[in-house]
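Shown next, in structure tokens, is the structure this report addresses.
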Amino acid sequence: MRDSVQAAPNGSPKARNYDLVKDPIYFVTFGFFALLTTALPAALGQPNFLPIAQTVAITLFLSIPLRRGRIATAIVVLSSWLFLQLFVMIVGSALLPLVFERAIHDGFAYHRALLEWSATGLNLPGSILQSPLSRLVEFLGVLLGSLLSAGLVGLWFLVRAVNQFGFGVGRLALEGPSVLLLGLMPWRMATLAGYAGLIILLAQPLLTNKWNPAHYLSRQRRLATASAILIVIGLVLEFALPGLWRSLWAP
């Protein structure tokens with residue numbers, strides 16, 4: 001009788017203390033899905049399915065540590081996902097440029113505009129000066145969308161931005177190693193990193209049912225501050241740095 005009670009998995013201390021986000025399988029699985037949901041739709045040239053698959057998968061994986069209050073784990077999960085996503089988009093766009101171009105809305109036009117900017121320094125595509133309305137929609141989508149959808153809408157805007165950014169880097173890499181560095185625009189990377197932090201912060205109220213701003217400002221002040229600073233730095237650099245950056249790395 002005693003042996004049967006001790007062997008019962010649901011009542012054992014090990015089962016009661018099991019934590020999914022500490023299980024290596026969790027990290028292996030989300031890494032696999034980060035690669036799968038990026039590489040497969042992009043290789044199929046699916047511009048709509050690509051961000052949808054990515055958004056649904058990362059929202060599910062991110063919600064697990066956020067519901068448990070594991071903010072550090074959530075940061076590791078989202079940053080690792082975005083790194084893998086960016087890596088696949090850069091490498092895929094360099095190796096299969098025409099295929100990955102079809103996976104980006106207006107990919108051909110964006111690629112041509114990047115080449116024009118690298119050659120002339122005029123009309124940086126996707127910049128706040130070129131597309132102020134779309135950038136405002138992007139920011140509001142990350143800000144309000146994350147708050148009202150437990151991060152789902154904000155992550156959709158983020159993964160789309162990362163896909164386009166990685167595609168641009170990969171296509172410019174075909175022009176030479178230095179042009180690859182031209183595509184790694186530090187102002188855009190700062191903005192995307194700031195977006196990621198905001199999403200982690202703003203996705204929590206719906207997931208935890210804690211809506212008091214003081215709770216987050218007291219417990220996650222560094223995350224909120226760092227995210228805001230990164231977005232401001234990205235904005236300042238976007239106005240001040242593109243000309244110098246192009247002069248350093250353009251062919």
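Residue numbering restarts at 1 in every chain; chains get A, B, ... in the order shown in the structure tokens, and ligands count up from 1 in that same order.
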
**Report entry** Contacts of region 48-62 of chain A at 6 Å (only C-alpha atoms; same-chain gap of 3+ positions) as a VMD selection string
**Finding:** chain A and resid 37 41 74 152 155 to 156 160

Atoms kept (C-alpha atoms) for selection, written as a PDB file, in the first residue's frame:
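Below is the file that was written, result_13.pdb:
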```
ATOM      1  CA  THR A  37       7.312  28.709 -38.671  1.00  0.00           C
ATOM      2  CA  PRO A  41       6.272  29.599 -44.970  1.00  0.00           C
ATOM      3  CA  ALA A  74      10.027  35.402 -21.062  1.00  0.00           C
ATOM      4  CA  LEU A 152      -0.941  38.684 -29.850  1.00  0.00           C
ATOM      5  CA  LEU A 155       3.767  40.220 -31.705  1.00  0.00           C
ATOM      6  CA  TRP A 156       2.180  40.211 -35.155  1.00  0.00           C
ATOM      7  CA  ARG A 160       6.435  41.279 -39.574  1.00  0.00           C
TER       8      ARG A 160
END
```

Query - Shell of 9 Å around region 92-96 of chain A, only C-alpha atoms, local chain residues under 6 positions omitted, as an MDAnalysis selection string - result: chainID A and resid 39 42:43 166:174

I need the chosen residues saved as a JSON list (two decimals), in the first residue's frame, with N, CA, C and O atoms.
```json
[["chain", "number", "residue", "atom", "x", "y", "z"],
["A", 39, "ALA", "N", 11.06, 29.29, -41.55],
["A", 39, "ALA", "CA", 11.67, 28.73, -42.76],
["A", 39, "ALA", "C", 10.63, 28.17, -43.72],
["A", 39, "ALA", "O", 10.71, 28.41, -44.93],
["A", 42, "ALA", "N", 8.31, 30.90, -45.42],
["A", 42, "ALA", "CA", 9.14, 31.75, -46.27],
["A", 42, "ALA", "C", 9.61, 31.00, -47.51],
["A", 42, "ALA", "O", 9.62, 31.54, -48.61],
["A", 43, "ALA", "N", 10.00, 29.73, -47.32],
["A", 43, "ALA", "CA", 10.45, 28.92, -48.46],
["A", 43, "ALA", "C", 9.32, 28.65, -49.44],
["A", 43, "ALA", "O", 9.56, 28.41, -50.63],
["A", 166, "GLY", "N", 15.14, 41.34, -41.68],
["A", 166, "GLY", "CA", 16.04, 40.25, -42.05],
["A", 166, "GLY", "C", 16.12, 40.06, -43.55],
["A", 166, "GLY", "O", 17.21, 39.79, -44.08],
["A", 167, "PHE", "N", 14.99, 40.21, -44.24],
["A", 167, "PHE", "CA", 14.99, 40.11, -45.69],
["A", 167, "PHE", "C", 15.88, 41.18, -46.31],
["A", 167, "PHE", "O", 16.68, 40.90, -47.21],
["A", 168, "GLY", "N", 15.78, 42.40, -45.79],
["A", 168, "GLY", "CA", 16.60, 43.49, -46.32],
["A", 168, "GLY", "C", 18.08, 43.24, -46.11],
["A", 168, "GLY", "O", 18.90, 43.47, -47.01],
["A", 169, "VAL", "N", 18.45, 42.74, -44.95],
["A", 169, "VAL", "CA", 19.85, 42.44, -44.66],
["A", 169, "VAL", "C", 20.35, 41.35, -45.60],
["A", 169, "VAL", "O", 21.44, 41.46, -46.17],
["A", 170, "GLY", "N", 19.57, 40.30, -45.75],
["A", 170, "GLY", "CA", 19.98, 39.19, -46.61],
["A", 170, "GLY", "C", 20.14, 39.60, -48.07],
["A", 170, "GLY", "O", 21.09, 39.19, -48.74],
["A", 171, "ARG", "N", 19.23, 40.42, -48.57],
["A", 171, "ARG", "CA", 19.33, 40.86, -49.96],
["A", 171, "ARG", "C", 20.52, 41.78, -50.17],
["A", 171, "ARG", "O", 21.22, 41.70, -51.18],
["A", 172, "LEU", "N", 20.79, 42.67, -49.21],
["A", 172, "LEU", "CA", 21.95, 43.54, -49.33],
["A", 172, "LEU", "C", 23.25, 42.76, -49.23],
["A", 172, "LEU", "O", 24.27, 43.15, -49.81],
["A", 173, "ALA", "N", 23.22, 41.64, -48.50],
["A", 173, "ALA", "CA", 24.42, 40.82, -48.36],
["A", 173, "ALA", "C", 24.90, 40.30, -49.70],
["A", 173, "ALA", "O", 26.10, 40.01, -49.88],
["A", 174, "LEU", "N", 23.98, 40.16, -50.66],
["A", 174, "LEU", "CA", 24.37, 39.70, -51.99],
["A", 174, "LEU", "C", 25.26, 40.70, -52.71],
["A", 174, "LEU", "O", 25.97, 40.34, -53.65]]
```

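Remark: for Val159 (chain A), the closest of the candidate residues A:Pro205, A:Pro24, A:Pro47, A:Gly183 is A:Pro47 (distances computed over only C-alpha atoms).
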
For Ala226 (chain A): contacts at 12 Å, only C-alpha atoms, fewer than 2 positions along chain excluded, given as a PDB file with C-alpha atoms, in the first residue's frame:
```
ATOM      1  CA  ALA A 190      17.138  49.316 -31.135  1.00  0.00           C
ATOM      2  CA  THR A 191      13.497  49.976 -32.001  1.00  0.00           C
ATOM      3  CA  ALA A 193      14.376  45.423 -29.133  1.00  0.00           C
ATOM      4  CA  GLY A 194      12.330  48.127 -27.436  1.00  0.00           C
ATOM      5  CA  TYR A 195       9.155  46.743 -28.987  1.00  0.00           C
ATOM      6  CA  ALA A 196       9.982  43.271 -27.635  1.00  0.00           C
ATOM      7  CA  GLY A 197      10.332  44.635 -24.112  1.00  0.00           C
ATOM      8  CA  LEU A 198       7.065  46.549 -24.348  1.00  0.00           C
ATOM      9  CA  LEU A 201       5.367  44.185 -20.239  1.00  0.00           C
ATOM     10  CA  GLN A 220       9.462  45.658 -13.610  1.00  0.00           C
ATOM     11  CA  ARG A 221      10.769  49.202 -13.671  1.00  0.00           C
ATOM     12  CA  ARG A 222      14.019  48.215 -15.378  1.00  0.00           C
ATOM     13  CA  LEU A 223      12.201  46.428 -18.186  1.00  0.00           C
ATOM     14  CA  ALA A 224       9.856  49.378 -18.765  1.00  0.00           C
ATOM     15  CA  ALA A 228      11.348  53.080 -23.541  1.00  0.00           C
ATOM     16  CA  ILE A 229      15.013  54.095 -23.780  1.00  0.00           C
ATOM     17  CA  LEU A 230      15.654  51.689 -26.659  1.00  0.00           C
ATOM     18  CA  ILE A 231      12.696  53.078 -28.616  1.00  0.00           C
ATOM     19  CA  VAL A 232      13.831  56.663 -28.012  1.00  0.00           C
ATOM     20  CA  ILE A 233      17.413  55.789 -28.997  1.00  0.00           C
TER      21      ILE A 233
END
```

Report summary line: In terms of only C-alpha atoms, the residue from A:Phe30, A:Phe139, A:Phe165, A:Trp187 at minimal distance from His111 (chain A) is A:Phe165

Query raised in the report: Please, which residues of region 3-247 of chain A, numbered as in this document, come out alpha helix (DSSP H) from DSSP, as a PyMOL selection string?
Result: chain A and resi 3-7+13-16+24-43+49-67+71-95+97-102+107-120+132-149+152-173+177-183+186-202+204-208+213-219+221-240+242-247

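Residues within 9 Å of region 239-245 of chain A, counting only C-alpha atoms and excluding same-chain residues fewer than 6 positions away, are Gly121, Leu122, Leu124, Ile128, Leu129, Leu182, Met185, Pro186 and Trp187 of chain A.
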
Selected residues, N, CA, C and O atoms, written as a PDB file, in the first residue's frame, please.
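New file out04.pdb:
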```
ATOM      1  N   GLY A 121      21.701  57.469 -51.021  1.00  0.00           N
ATOM      2  CA  GLY A 121      21.470  58.032 -49.697  1.00  0.00           C
ATOM      3  C   GLY A 121      20.119  58.693 -49.547  1.00  0.00           C
ATOM      4  O   GLY A 121      19.841  59.309 -48.514  1.00  0.00           O
ATOM      5  N   LEU A 122      19.250  58.538 -50.524  1.00  0.00           N
ATOM      6  CA  LEU A 122      17.934  59.178 -50.498  1.00  0.00           C
ATOM      7  C   LEU A 122      16.834  58.145 -50.259  1.00  0.00           C
ATOM      8  O   LEU A 122      16.917  57.010 -50.718  1.00  0.00           O
ATOM      9  N   LEU A 124      15.268  56.408 -47.565  1.00  0.00           N
ATOM     10  CA  LEU A 124      15.439  55.144 -46.858  1.00  0.00           C
ATOM     11  C   LEU A 124      14.074  54.481 -46.690  1.00  0.00           C
ATOM     12  O   LEU A 124      13.183  55.018 -46.034  1.00  0.00           O
ATOM     13  N   ILE A 128      10.879  56.493 -40.720  1.00  0.00           N
ATOM     14  CA  ILE A 128       9.797  57.321 -40.188  1.00  0.00           C
ATOM     15  C   ILE A 128       9.567  58.548 -41.056  1.00  0.00           C
ATOM     16  O   ILE A 128       8.461  59.098 -41.091  1.00  0.00           O
ATOM     17  N   LEU A 129      10.597  58.989 -41.790  1.00  0.00           N
ATOM     18  CA  LEU A 129      10.430  60.116 -42.695  1.00  0.00           C
ATOM     19  C   LEU A 129       9.717  59.704 -43.974  1.00  0.00           C
ATOM     20  O   LEU A 129       8.943  60.474 -44.533  1.00  0.00           O
ATOM     21  N   LEU A 182      25.686  47.317 -43.788  1.00  0.00           N
ATOM     22  CA  LEU A 182      24.807  48.445 -44.070  1.00  0.00           C
ATOM     23  C   LEU A 182      23.360  48.105 -43.724  1.00  0.00           C
ATOM     24  O   LEU A 182      22.626  48.931 -43.183  1.00  0.00           O
ATOM     25  N   MET A 185      20.957  47.989 -39.663  1.00  0.00           N
ATOM     26  CA  MET A 185      20.760  49.364 -39.212  1.00  0.00           C
ATOM     27  C   MET A 185      20.560  49.399 -37.698  1.00  0.00           C
ATOM     28  O   MET A 185      19.563  48.875 -37.185  1.00  0.00           O
ATOM     29  N   PRO A 186      21.463  50.026 -36.945  1.00  0.00           N
ATOM     30  CA  PRO A 186      21.355  49.985 -35.477  1.00  0.00           C
ATOM     31  C   PRO A 186      20.108  50.666 -34.943  1.00  0.00           C
ATOM     32  O   PRO A 186      19.599  50.279 -33.888  1.00  0.00           O
ATOM     33  N   TRP A 187      19.595  51.686 -35.653  1.00  0.00           N
ATOM     34  CA  TRP A 187      18.382  52.353 -35.183  1.00  0.00           C
ATOM     35  C   TRP A 187      17.180  51.419 -35.251  1.00  0.00           C
ATOM     36  O   TRP A 187      16.330  51.426 -34.355  1.00  0.00           O
TER      37      TRP A 187
END
```

**Report entry** Among listed residues A:Ala214, A:Leu158, A:Thr38, A:Thr73, nearest Met189 (chain A) (using only C-alpha atoms)
**Finding:**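 Looking only at the distances to Met189 (chain A), the closest residue turns out to be A:Leu158.
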
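A straight line drawn from CA of Leu235 (chain A) to CA of Arg112 (chain A) is 23.8 Å long.
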